[in-house]
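Q: This is the structure I want to talk about, given as structure tokens.
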Amino acid sequence: MNFPSLNRPDLLYSTFPPLPIANLSLEQNFLDAISNKDYLLYTPYHTFSYVIKFLREAALDPKVSSIKITIYRLSKLSHVASALINAAKNGKKVLVQIELQARFDEENNINFAEKLEAAGVQLIFGIPGLKVHSKICVIERLENKKTRRYGFVSTGNFNESTAKIYTDYTLFTANQKVLKEVNKVFNFLEVSYQLKTYKHLIVSPHYTGSILSKLIDNEIKNHKEGLPSGISLKLNNVTHYKLVDKLYEASQAGVEIKMIVRGVCCLIPGVKGLSENIRVISVIDKFLEHPRVYMFENAGKKKIYISSADFMTRNIDNRVEVACPIYDKELQQQMIDTFEISWNDNVKARLVNLPIQNKMVECKSGESQRRSQWDTYEYLKNKLNFEDS
């Protein structure tokens, strides 16, 4: 949706030129770089061009035999769709699961579905009763007579337009164990919807609720045993009552819980005897906060996931969603740091469900202002400067 500028630049936000990812140039061979190390994209602070680069390189690489991707929202001028069409024309086997019921973007998706099909792309249009909301891609490449997988898992849509205004994480990886399971999700979509098992990914609609409950139970157990415990969550909405009750149970056991929830929150924090160890804030600023992040202290061996799933009934029980673990310690620390930057916001953060609902977090006398989206950009910019020095 576009608004008139009224020729008043003083009323507009200052611009953030999108940054490159530290140690990952758009000029280098992308697949070779990913084969050696995982990389984390955080749009719109980082440029979305990395996703386009990945797909274009895969489309042109003679060793790449197949590309599989889920698409939820496409922009009107989609470089993602163009790269997939080119891949099909170059003889790659291209499989696209496209969601035709993506609210507000149905027309774009239908138009591109027709173009993709005309180019020879194999399309899957969804599962009766299940919306496919996962954001995943996997390619297969022949190396030394063996098939090796590369791919990415994201919290957001593969859409150039929303990537400029939604904050989202995308993990680029060549972890073969993880990508084998990403491929299992496509097999589930493609072949008779047979139930799969997973050791790394958390997949809705079959496992997310039960695994999240087990992860919370583990924090309760660790706290009772005197081991490091704690839960940090960044979500769009919280409406799944069973998970709300499980978080209440963790709070009553003494587990400290931090939650950043942008939208609807059916959990009431700070109630004595129920949720006194839970604090919830919401950050509303220039960019729409869109990532779903789950962090568990796990007795000092942190478990951190990025996910397409909110704590909502529709995400947990009625959609195909994927949460992916972050194993790289450096990337884990980056996610912890950016979470804490948001958590410490005292300019655009609101306290959720206090007696005075949505009261702004106050910047106390003598305290410096901390505007998390501005500070996140500076944090990632400083990582670039550190790598260059």
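Each chain of the structure tokens is named A, B, ... in the order shown, its residues numbered from 1; ligands are numbered from 1 in display order.
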Just list as number ranges by chain whatever in range 152-381 of chain A DSSP marks as strand (DSSP E).
A: A: 152-154, 166-173, 202-204, 231-235, 257-261, 278-283, 288-289, 292-296, 303-307, 319-325, 349-351, 359-360
Q: Can I get the selected residues back with C-alpha atoms, as a compact mmCIF listing (two decimals), in the first residue's frame?
A:
```txt
# COMPACT_ATOMS: atom_id res chain seq x y z
CA PHE A 152 17.77 -21.96 3.07
CA VAL A 153 15.06 -21.76 5.72
CA SER A 154 13.37 -18.48 6.53
CA TYR A 166 9.51 -6.82 7.32
CA THR A 167 12.30 -7.94 9.64
CA ASP A 168 13.03 -11.63 8.98
CA TYR A 169 15.80 -14.19 9.39
CA THR A 170 16.98 -16.53 6.61
CA LEU A 171 19.54 -19.25 7.27
CA PHE A 172 21.72 -20.35 4.32
CA THR A 173 23.21 -23.77 4.98
CA ILE A 202 10.28 -28.92 14.12
CA VAL A 203 7.44 -29.40 11.63
CA SER A 204 3.74 -28.55 11.86
CA ILE A 231 13.08 -19.11 27.61
CA SER A 232 13.20 -16.20 25.16
CA LEU A 233 10.59 -15.93 22.41
CA LYS A 234 10.05 -13.47 19.58
CA LEU A 235 6.65 -13.92 17.94
CA ILE A 257 10.58 -16.09 30.35
CA LYS A 258 11.14 -13.12 28.04
CA MET A 259 8.67 -12.59 25.20
CA ILE A 260 8.61 -10.03 22.41
CA VAL A 261 5.15 -10.26 20.85
CA ILE A 278 7.00 -13.79 32.47
CA ARG A 279 7.58 -10.37 30.93
CA VAL A 280 6.14 -9.41 27.55
CA ILE A 281 6.96 -6.39 25.42
CA SER A 282 5.95 -5.33 21.92
CA VAL A 283 8.07 -3.25 19.55
CA LEU A 288 7.19 -4.71 10.84
CA GLU A 289 8.73 -7.16 13.33
CA ARG A 292 9.60 -16.12 14.93
CA VAL A 293 12.48 -17.07 17.22
CA TYR A 294 12.55 -19.71 19.97
CA MET A 295 15.46 -19.72 22.45
CA PHE A 296 15.91 -22.24 25.25
CA LYS A 303 18.84 -24.41 21.64
CA ILE A 304 17.87 -21.67 19.20
CA TYR A 305 15.38 -21.95 16.33
CA ILE A 306 14.07 -19.70 13.61
CA SER A 307 10.55 -20.57 12.49
CA ARG A 319 -0.53 -25.38 8.65
CA VAL A 320 2.69 -26.84 7.30
CA GLU A 321 5.37 -24.90 9.19
CA VAL A 322 9.10 -25.42 9.69
CA ALA A 323 11.34 -24.38 12.59
CA CYS A 324 15.06 -24.81 11.95
CA PRO A 325 17.84 -25.02 14.57
CA ALA A 349 8.69 -0.76 23.10
CA ARG A 350 5.41 -1.22 24.98
CA LEU A 351 4.69 -3.29 28.07
CA LYS A 359 2.16 1.50 28.33
CA MET A 360 5.34 2.65 26.62
```
Q: Do you know which residues are at most 8 Å from range 81-85 of chain A counting only C-alpha atoms, after dropping those on the same chain fewer than 4 positions away, and could you put them as a ChimeraX atom specification?
A: /A:52,55-56,59,74,89,94,112,115-116,119-121
Q: Here is a test: counting only C-alpha atoms, which residue of A:Asn159, A:Asn109, A:Ser14, A:Tyr45 is nearest to Thr376 in chain A?
A: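 Answer, going by the shortest atom-to-atom distance: A:Tyr45.
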Q: Skip His133 in chain A itself and residues of its chain fewer than 2 positions away, then list as JSON, numbers by chain all residues within 10 Å of it, counting only C-alpha atoms.
A: {"A": [70, 71, 72, 73, 98, 99, 102, 126, 130, 131, 135, 136, 155, 156, 157, 204, 308, 309, 315, 318, 319, 320, 321, 322]}
Q: Which one is closest to Gln252 in chain A: A:Gly270, A:Gly366, A:Gly91, A:Pro20? Count only C-alpha atoms.
A: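 Counting only C-alpha atoms, the residue closest to Gln252 in chain A is A:Gly270.
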Q: Which distance in Å separates CA of Cys363 in chain A and CA of Gln333 in chain A, to one decimal?
A: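 Going from CA of Cys363 in chain A over to CA of Gln333 in chain A covers 26.2 Å.
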Q: What gap, in Å, lies between CA of Asn90 in chain A and CA of Arg141 in chain A?
A: 14.2 Å
Q: Ranking A:Leu19, A:Glu190, A:Tyr150, A:Ala33 by minimum distance to Leu95 in chain A and counting only C-alpha atoms, which one comes first?
A: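 Using only C-alpha atoms, Leu95 in chain A sits closest to A:Glu190.
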Q: Would you return as a short mmCIF file (atom, residue, chain, number, x, y, z; two decimals) with N, CA and C atoms, in the first residue's frame the members of range 318-356 of chain A that DSSP assigns to alpha helix (DSSP H) on this structure's backbone?
A:
```cif
data_model
loop_
_atom_site.label_atom_id
_atom_site.label_comp_id
_atom_site.auth_asym_id
_atom_site.auth_seq_id
_atom_site.Cartn_x
_atom_site.Cartn_y
_atom_site.Cartn_z
N LYS A 329 27.73 -21.40 16.40
CA LYS A 329 27.80 -20.63 17.65
C LYS A 329 27.86 -19.11 17.40
N GLU A 330 28.55 -18.72 16.36
CA GLU A 330 28.63 -17.30 16.03
C GLU A 330 27.25 -16.74 15.65
N LEU A 331 26.50 -17.52 14.88
CA LEU A 331 25.16 -17.08 14.48
C LEU A 331 24.21 -17.11 15.68
N GLN A 332 24.38 -18.09 16.56
CA GLN A 332 23.59 -18.12 17.79
C GLN A 332 23.80 -16.83 18.58
N GLN A 333 25.06 -16.43 18.72
CA GLN A 333 25.36 -15.22 19.48
C GLN A 333 24.76 -13.99 18.82
N GLN A 334 24.80 -13.96 17.49
CA GLN A 334 24.20 -12.83 16.77
C GLN A 334 22.69 -12.75 17.07
N MET A 335 22.03 -13.89 17.12
CA MET A 335 20.59 -13.90 17.40
C MET A 335 20.31 -13.50 18.84
N ILE A 336 21.14 -13.94 19.76
CA ILE A 336 20.99 -13.53 21.16
C ILE A 336 21.18 -12.02 21.29
N ASP A 337 22.21 -11.50 20.62
CA ASP A 337 22.51 -10.07 20.69
C ASP A 337 21.35 -9.23 20.14
N THR A 338 20.83 -9.63 18.97
CA THR A 338 19.76 -8.84 18.36
C THR A 338 18.46 -8.96 19.16
N PHE A 339 18.24 -10.11 19.79
CA PHE A 339 17.08 -10.24 20.67
C PHE A 339 17.21 -9.27 21.85
N GLU A 340 18.40 -9.22 22.45
CA GLU A 340 18.61 -8.36 23.61
C GLU A 340 18.50 -6.88 23.22
N ILE A 341 18.92 -6.54 22.01
CA ILE A 341 18.76 -5.15 21.55
C ILE A 341 17.28 -4.78 21.52
N SER A 342 16.45 -5.68 20.99
CA SER A 342 15.01 -5.43 20.98
C SER A 342 14.44 -5.40 22.39
N TRP A 343 14.91 -6.31 23.23
CA TRP A 343 14.41 -6.41 24.60
C TRP A 343 14.69 -5.14 25.40
#
```
